[in-house]
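Text of the file model09.cif, holding mmCIF, C-alpha atoms and all ligand atoms:
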```cif
data_data
loop_
_atom_site.label_atom_id
_atom_site.label_comp_id
_atom_site.auth_asym_id
_atom_site.auth_seq_id
_atom_site.Cartn_x
_atom_site.Cartn_y
_atom_site.Cartn_z
CA MET L 888 -4.85 10.24 9.55
CA LYS L 889 -6.67 10.55 6.21
CA LEU L 890 -6.43 7.77 3.64
CA THR L 891 -7.36 8.61 0.05
CA TRP L 892 -7.44 5.74 -2.43
CA TYR L 893 -6.24 6.47 -5.97
CA GLY L 894 -7.14 3.00 -7.23
CA HIS L 895 -4.96 -0.15 -7.33
CA ALA L 896 -2.44 -0.05 -4.41
CA THR L 897 -2.00 3.73 -4.65
CA TRP L 898 -2.75 5.74 -1.50
CA HIS L 899 -2.41 9.37 -0.51
CA ILE L 900 -2.03 9.41 3.26
CA GLN L 901 -2.30 12.73 5.08
CA VAL L 902 -0.60 12.29 8.42
CA SER L 903 0.82 14.79 10.92
CA GLY L 904 0.45 17.53 8.31
CA PHE L 905 2.46 15.70 5.63
CA ASN L 906 1.45 14.15 2.32
CA VAL L 907 2.67 10.56 2.04
CA LEU L 908 2.10 8.70 -1.22
CA VAL L 909 2.31 4.93 -1.21
CA ASP L 910 2.97 3.17 -4.54
CA PRO L 911 2.11 6.19 -6.72
CA PHE L 912 0.91 4.41 -9.85
CA LEU L 913 -1.15 7.10 -11.63
CA SER L 914 -0.28 7.18 -15.35
CA GLY L 915 -1.53 3.90 -16.77
CA ASN L 916 -3.88 3.41 -13.80
CA PRO L 917 -7.40 3.58 -15.26
CA LEU L 918 -8.90 4.32 -11.82
CA ALA L 919 -6.56 7.20 -10.92
CA PRO L 920 -8.50 10.41 -10.14
CA VAL L 921 -5.38 12.62 -10.26
CA SER L 922 -2.43 12.96 -12.61
CA PRO L 923 1.22 12.73 -11.54
CA ASP L 924 1.81 16.41 -12.35
CA LYS L 925 -0.93 17.50 -9.87
CA VAL L 926 -0.52 15.28 -6.83
CA ASP L 927 1.04 16.59 -3.59
CA ALA L 928 3.87 14.62 -1.99
CA ASP L 929 6.32 15.21 0.85
CA PHE L 930 7.22 11.52 1.09
CA ILE L 931 6.78 8.58 -1.29
CA VAL L 932 6.83 4.98 -0.07
CA VAL L 933 7.54 2.25 -2.64
CA THR L 934 6.65 -1.30 -1.54
CA HIS L 935 8.37 -3.08 -4.46
CA GLY L 936 9.83 -2.53 -7.89
CA HIS L 937 6.97 -3.58 -10.15
CA ALA L 938 5.75 -0.89 -12.54
CA ASP L 939 2.23 -0.80 -11.06
CA HIS L 940 3.77 0.23 -7.68
CA LEU L 941 6.92 2.18 -8.54
CA GLY L 942 4.56 3.99 -10.89
CA ASP L 943 5.29 7.69 -11.31
CA THR L 944 7.70 7.89 -8.36
CA ILE L 945 10.53 9.41 -10.40
CA GLU L 946 8.41 12.12 -12.03
CA ILE L 947 6.58 13.05 -8.80
CA ALA L 948 9.71 13.07 -6.64
CA ARG L 949 11.61 15.22 -9.16
CA ARG L 950 8.77 17.76 -9.27
CA THR L 951 7.97 17.86 -5.54
CA GLY L 952 11.35 17.05 -4.01
CA ALA L 953 9.66 14.28 -1.98
CA LEU L 954 11.89 11.91 -0.02
CA VAL L 955 11.43 8.33 -1.24
CA ILE L 956 11.35 5.57 1.37
CA ALA L 957 11.95 2.02 0.14
CA ASN L 958 14.16 -0.99 0.74
CA ALA L 959 17.91 -0.62 0.25
CA GLU L 960 17.94 -1.96 -3.33
CA ILE L 961 15.13 0.26 -4.62
CA SER L 962 16.53 3.26 -2.72
CA ARG L 963 19.90 2.78 -4.35
CA TRP L 964 18.32 2.47 -7.82
CA LEU L 965 16.24 5.62 -7.30
CA SER L 966 19.27 7.52 -5.97
CA GLY L 967 20.90 6.65 -9.28
CA HIS L 968 17.98 8.46 -10.95
CA GLY L 969 18.76 11.56 -8.91
CA LEU L 970 16.10 11.19 -6.20
CA LYS L 971 16.47 11.81 -2.47
CA THR L 972 15.97 8.44 -0.81
CA TYR L 973 15.81 6.84 2.61
CA GLY L 974 16.67 3.15 2.68
CA GLN L 975 15.12 0.79 5.20
CA HIS L 976 14.59 -2.95 5.12
CA ILE L 977 12.20 -5.67 6.20
CA GLY L 978 11.61 -5.61 9.95
CA GLY L 979 13.22 -2.21 10.38
CA SER L 980 11.41 0.84 11.70
CA ALA L 981 12.46 4.47 11.42
CA SER L 982 11.08 7.77 12.64
CA HIS L 983 10.13 10.29 9.99
CA PRO L 984 8.56 13.74 10.37
CA PHE L 985 5.10 12.20 9.74
CA GLY L 986 5.51 9.29 12.17
CA ARG L 987 7.07 5.90 12.47
CA LEU L 988 7.38 3.61 9.42
CA LYS L 989 8.23 -0.09 9.43
CA LEU L 990 8.78 -2.30 6.41
CA THR L 991 7.19 -5.73 6.81
CA GLN L 992 7.37 -9.03 4.98
CA ALA L 993 5.48 -9.57 1.74
CA ILE L 994 5.48 -12.73 -0.37
CA HIS L 995 5.93 -11.54 -3.94
CA GLY L 996 8.59 -10.44 -6.48
CA SER L 997 10.28 -7.06 -6.86
CA SER L 998 12.25 -6.60 -10.08
CA LEU L 999 12.63 -3.00 -11.25
CA PRO L 1000 11.48 -1.90 -14.76
CA ASP L 1001 14.98 -2.26 -16.27
CA GLY L 1002 15.40 -5.74 -14.78
CA THR L 1003 17.51 -4.61 -11.80
CA TYR L 1004 17.05 -6.74 -8.68
CA GLY L 1005 14.72 -4.84 -6.36
CA GLY L 1006 15.39 -6.82 -3.19
CA MET L 1007 12.56 -8.23 -1.10
CA PRO L 1008 9.07 -6.82 -1.61
CA ALA L 1009 7.55 -5.19 1.45
CA GLY L 1010 4.42 -4.19 3.27
CA VAL L 1011 4.34 -1.02 5.35
CA LEU L 1012 3.19 -0.08 8.82
CA ILE L 1013 2.69 3.66 9.37
CA SER L 1014 1.94 5.01 12.82
CA ASP L 1015 1.45 8.60 13.96
CA GLY L 1016 1.39 7.63 17.62
CA SER L 1017 -2.38 7.28 17.85
CA CYS L 1018 -3.32 5.37 14.67
CA LYS L 1019 -1.60 2.53 12.85
CA VAL L 1020 -2.18 1.68 9.20
CA TYR L 1021 -0.91 -1.45 7.46
CA HIS L 1022 -0.48 -1.40 3.67
CA ALA L 1023 0.16 -5.01 2.71
CA GLY L 1024 1.79 -4.24 -0.64
CA ASP L 1025 1.47 -7.08 -3.14
CA THR L 1026 1.50 -10.32 -1.21
CA GLY L 1027 0.18 -13.80 -0.84
CA LEU L 1028 -1.16 -14.92 2.51
CA PHE L 1029 1.54 -15.68 5.07
CA PRO L 1030 1.31 -16.66 8.74
CA GLY L 1031 3.55 -13.76 9.83
CA MET L 1032 0.48 -11.57 9.39
CA ALA L 1033 -0.45 -12.80 12.87
CA LEU L 1034 2.71 -11.10 14.20
CA ILE L 1035 1.77 -7.89 12.40
CA GLY L 1036 -1.68 -8.23 14.00
CA GLU L 1037 -0.03 -8.22 17.44
CA GLU L 1038 0.96 -4.61 16.74
CA ALA L 1039 -2.69 -3.48 17.01
CA VAL L 1040 -3.47 -2.43 13.45
CA ASP L 1041 -6.29 0.09 13.14
CA VAL L 1042 -6.71 -0.08 9.36
CA ALA L 1043 -5.44 -2.81 7.02
CA LEU L 1044 -5.24 -2.08 3.28
CA LEU L 1045 -5.36 -5.51 1.65
CA PRO L 1046 -5.12 -6.75 -1.93
CA ILE L 1047 -8.08 -8.92 -2.97
CA GLY L 1048 -7.56 -9.08 -6.74
CA ASP L 1049 -6.20 -12.64 -6.92
CA ARG L 1050 -3.87 -13.93 -9.68
CA TYR L 1051 -0.88 -11.77 -8.58
CA THR L 1052 -1.78 -11.36 -4.90
CA MET L 1053 -4.20 -12.73 -2.34
CA GLY L 1054 -7.70 -13.27 -3.67
CA PRO L 1055 -10.84 -12.75 -1.60
CA GLU L 1056 -10.64 -16.06 0.30
CA ASP L 1057 -7.03 -15.60 1.39
CA ALA L 1058 -7.64 -11.90 2.12
CA LEU L 1059 -10.39 -13.04 4.51
CA ARG L 1060 -7.88 -15.36 6.19
CA ALA L 1061 -5.46 -12.41 6.34
CA VAL L 1062 -8.07 -10.40 8.25
CA LYS L 1063 -8.29 -13.26 10.76
CA PHE L 1064 -4.51 -13.08 11.28
CA LEU L 1065 -4.33 -9.28 11.39
CA ARG L 1066 -7.50 -8.52 13.39
CA PRO L 1067 -7.61 -4.85 12.33
CA ARG L 1068 -10.47 -2.58 13.39
CA VAL L 1069 -11.11 -1.79 9.72
CA ALA L 1070 -10.07 -3.46 6.46
CA ILE L 1071 -10.14 -1.72 3.09
CA PRO L 1072 -9.74 -3.80 -0.10
CA MET L 1073 -7.34 -2.70 -2.85
CA HIS L 1074 -5.51 -4.07 -5.94
CA TYR L 1075 -8.73 -5.17 -7.69
CA ASN L 1076 -10.82 -4.00 -10.68
CA THR L 1077 -7.92 -2.00 -12.11
CA TRP L 1078 -8.18 -4.37 -15.06
CA ASP L 1079 -10.41 -7.34 -15.92
CA ILE L 1080 -7.67 -9.79 -14.93
CA ILE L 1081 -8.10 -8.83 -11.25
CA ARG L 1082 -11.87 -8.30 -11.24
CA GLN L 1083 -13.57 -8.92 -7.87
CA ASP L 1084 -16.73 -7.94 -6.01
CA PRO L 1085 -15.55 -5.96 -2.96
CA TYR L 1086 -19.05 -5.89 -1.45
CA GLN L 1087 -19.26 -9.67 -1.46
CA TRP L 1088 -15.85 -9.79 0.23
CA ALA L 1089 -17.03 -7.21 2.77
CA ALA L 1090 -20.06 -9.34 3.60
CA CYS L 1091 -17.88 -12.42 4.20
CA VAL L 1092 -15.46 -10.49 6.43
CA ARG L 1093 -18.30 -8.99 8.49
CA GLU L 1094 -19.89 -12.41 8.87
CA GLU L 1095 -16.75 -14.24 9.98
CA THR L 1096 -14.70 -11.62 11.85
CA GLY L 1097 -15.09 -8.61 14.13
CA THR L 1098 -13.51 -6.34 11.51
CA GLU L 1099 -15.49 -3.65 9.72
CA VAL L 1100 -14.88 -3.34 5.97
CA VAL L 1101 -14.93 -0.02 4.16
CA VAL L 1102 -15.22 -0.19 0.37
CA LEU L 1103 -13.90 2.95 -1.28
CA SER L 1104 -14.26 4.24 -4.82
CA ALA L 1105 -11.12 5.70 -6.34
CA GLY L 1106 -10.80 9.26 -5.06
CA ASP L 1107 -12.65 8.54 -1.79
CA THR L 1108 -11.11 9.40 1.57
CA TYR L 1109 -11.38 7.43 4.79
CA LEU L 1110 -10.67 9.28 8.02
CA VAL L 1111 -8.94 7.08 10.62
CA GLU L 1112 -10.08 8.01 14.13
NI NI B 1 3.76 -6.57 -7.83
MN MN B 2 0.80 -5.12 -8.20
#
```
Kindly return the structure encoded in the file as structure tokens.
Ligand code: NI
Ligand code: MN
Amino acid sequence: MKLTWYGHATWHIQVSGFNVLVDPFLSGNPLAPVSPDKVDADFIVVTHGHADHLGDTIEIARRTGALVIANAEISRWLSGHGLKTYGQHIGGSASHPFGRLKLTQAIHGSSLPDGTYGGMPAGVLISDGSCKVYHAGDTGLFPGMALIGEEAVDVALLPIGDRYTMGPEDALRAVKFLRPRVAIPMHYNTWDIIRQDPYQWAACVREETGTEVVVLSAGDTYLVE
């Protein structure tokens, strides 16, 4: 599995020969190294309805024909915009051509850009049978992360920006619940209002846990082995 960070909570995951975009927020994302008219997508996963996560889903899915995976409310809304969708919901797993995908709890909001109720926000577990990646979505710390940790997470993608999601201290506590092999920080330094030092966070995590931290720059790829 190859994880390429496009800044913020936007990831391009290459898994089982497919391109899976998670929260494809590219236009308006000052860190984005690619534009929505260039990016490859076979599947798009949307964790919640906020504009910095729904992002360019409609434009990319219309151009590429990608199948959009999201909770029932967001799936229904995107179907209404003419997209092919696959509805799931919190706690539910489904098999897709690229692997197994489960939506998990996230503590956050999820209204869609036009004010439509977007249902519960989600995190995502993606497994190809040998590696498991957890994208936490936008969330505060919650004790159920310990249950997610029981699923043997290889790589956890965790927000550290604070203000709208976990900040560095709670993200450290999240690592203690999740016990992933590797943690990668996200949802920080997109704007000044979520400015953080990822290297300082990495040092704290290494000091207090057995988890390795990988700090990426936007456009970097991490190979999960
Ligand atoms: Ni949000
Ligand atoms: Mn967000």
Find the distance between CA of Lys889 in chain L and CA of Ser1017 in chain L and write it in Å to one decimal.
-> 12.8 Å
Sorted by chain and rising residue number, list the residues of chain L at most 7 Å from ligand MN 2 (chain B) (counting only C-alpha atoms and all ligand atoms), each with its closest atom pair and distance in Å to one decimal, as a tab-separated table.
```
residue	atom	partner	partner_atom	distance
L:His937	CA	B:MN2	MN	6.7
L:Asp939	CA	B:MN2	MN	5.4
L:His940	CA	B:MN2	MN	6.1
L:Asp1025	CA	B:MN2	MN	5.5
L:Tyr1051	CA	B:MN2	MN	6.9
L:His1074	CA	B:MN2	MN	6.8
```
Excluding Glu1037 in chain L and residues on its chain fewer than 2 positions from it, collect all residues at most 10 Å away from it, counting all atoms listed in the file, and give them as a list in words.
->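 Contacts, in chain order: Met1032, Ala1033, Leu1034, Ile1035, Ala1039, Val1040, Phe1064, Leu1065, Arg1066 and Pro1067 of chain L.
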Near-range 958-974 of chain L list (9 Å; only C-alpha atoms; drop same-chain fewer than 6 positions) as an MDAnalysis selection string | chainID L and resid 933:936 944:945 948:949 952 990 999 1003:1009
Counting only C-alpha atoms and all ligand atoms, figure out which residue out of L:Pro917, L:Gly1048, L:Pro1030, L:Gly1106 gets nearest to ligand NI 1 (chain B).
->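 Comparing L:Pro917, L:Gly1048, L:Pro1030, L:Gly1106 against ligand NI 1 (chain B), the winner is L:Gly1048.
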Identify which of the residues L:Val921, L:Leu1103, L:Val932, L:Ala993 lies closest to ligand NI 1 (chain B), counting only C-alpha atoms and all ligand atoms when measuring atom-to-atom distances.
-> L:Ala993
List the neighbours of His899 in chain L out to 9 Å using all atoms listed in the file; skip same-chain residues closer than 3 positions along the sequence, and give me the result as a short mmCIF file (atom, residue, chain, number, x, y, z; two decimals) with C-alpha atoms, keeping the file's coordinate frame.
```
data_model
loop_
_atom_site.label_atom_id
_atom_site.label_comp_id
_atom_site.auth_asym_id
_atom_site.auth_seq_id
_atom_site.Cartn_x
_atom_site.Cartn_y
_atom_site.Cartn_z
CA LYS L 889 -6.67 10.55 6.21
CA LEU L 890 -6.43 7.77 3.64
CA THR L 891 -7.36 8.61 0.05
CA TRP L 892 -7.44 5.74 -2.43
CA TYR L 893 -6.24 6.47 -5.97
CA ASN L 906 1.45 14.15 2.32
CA VAL L 907 2.67 10.56 2.04
CA LEU L 908 2.10 8.70 -1.22
CA VAL L 909 2.31 4.93 -1.21
CA PRO L 911 2.11 6.19 -6.72
CA VAL L 926 -0.52 15.28 -6.83
CA ASP L 927 1.04 16.59 -3.59
CA ALA L 928 3.87 14.62 -1.99
CA THR L 1108 -11.11 9.40 1.57
#
```
Of the candidates L:Gly986, L:Gly1010, L:Gly894, L:Pro920, which one gets nearest to ligand NI 1 (chain B) if we count all atoms listed in the file?
->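 Closest to ligand NI 1 (chain B) of all the choices is L:Gly1010.
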Looking at all atoms listed in the file, which of L:Leu1110, L:Ile947, L:Leu1028, L:Ile994 is the one that sits closest to ligand NI 1 (chain B)?
->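 The answer is L:Ile994, which sits nearest to ligand NI 1 (chain B).
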CA of Asp1041 in chain L and CA of Val1101 in chain L, how far apart in Å?
->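 According to the coordinates, CA of Val1101 in chain L and CA of Asp1041 in chain L are separated by 12.5 Å.
Computed from the coordinates, the CA of Ile900 in chain L to CA of Glu1038 in chain L distance equals 19.7 Å.
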Could you pull the residues within 10 Å of Ser980 in chain L, counting all atoms listed in the file, minus those fewer than 2 positions along the same chain, as an NGL selection string?
-> :L and (975-978 or 982-983 or 987-991 or 1011-1013)
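If all atoms listed in the file are the atoms counted, then among L:Met1053, L:Ala1105, L:Val1020, L:Val1062 the closest residue to Asn1076 in chain L is L:Ala1105.
Distance check against Trp1088 in chain L using only C-alpha atoms: of L:Pro1046, L:Pro1055, L:Gly1036, L:Pro984, the minimum falls on L:Pro1055.
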May I have the residues within 6 Å of Thr1052 in chain L as a PDB file with C-alpha atoms, keeping the file's coordinate frame, using all atoms listed in the file and disregarding those fewer than 3 positions away in the same chain?
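Printed below is out01.pdb as written:
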```pdb
ATOM      1  CA  ASP L1025       1.470  -7.080  -3.140  1.00  0.00           C
ATOM      2  CA  THR L1026       1.500 -10.320  -1.210  1.00  0.00           C
ATOM      3  CA  GLY L1027       0.180 -13.800  -0.840  1.00  0.00           C
ATOM      4  CA  ASP L1049      -6.200 -12.640  -6.920  1.00  0.00           C
TER       5      ASP L1049
END
```
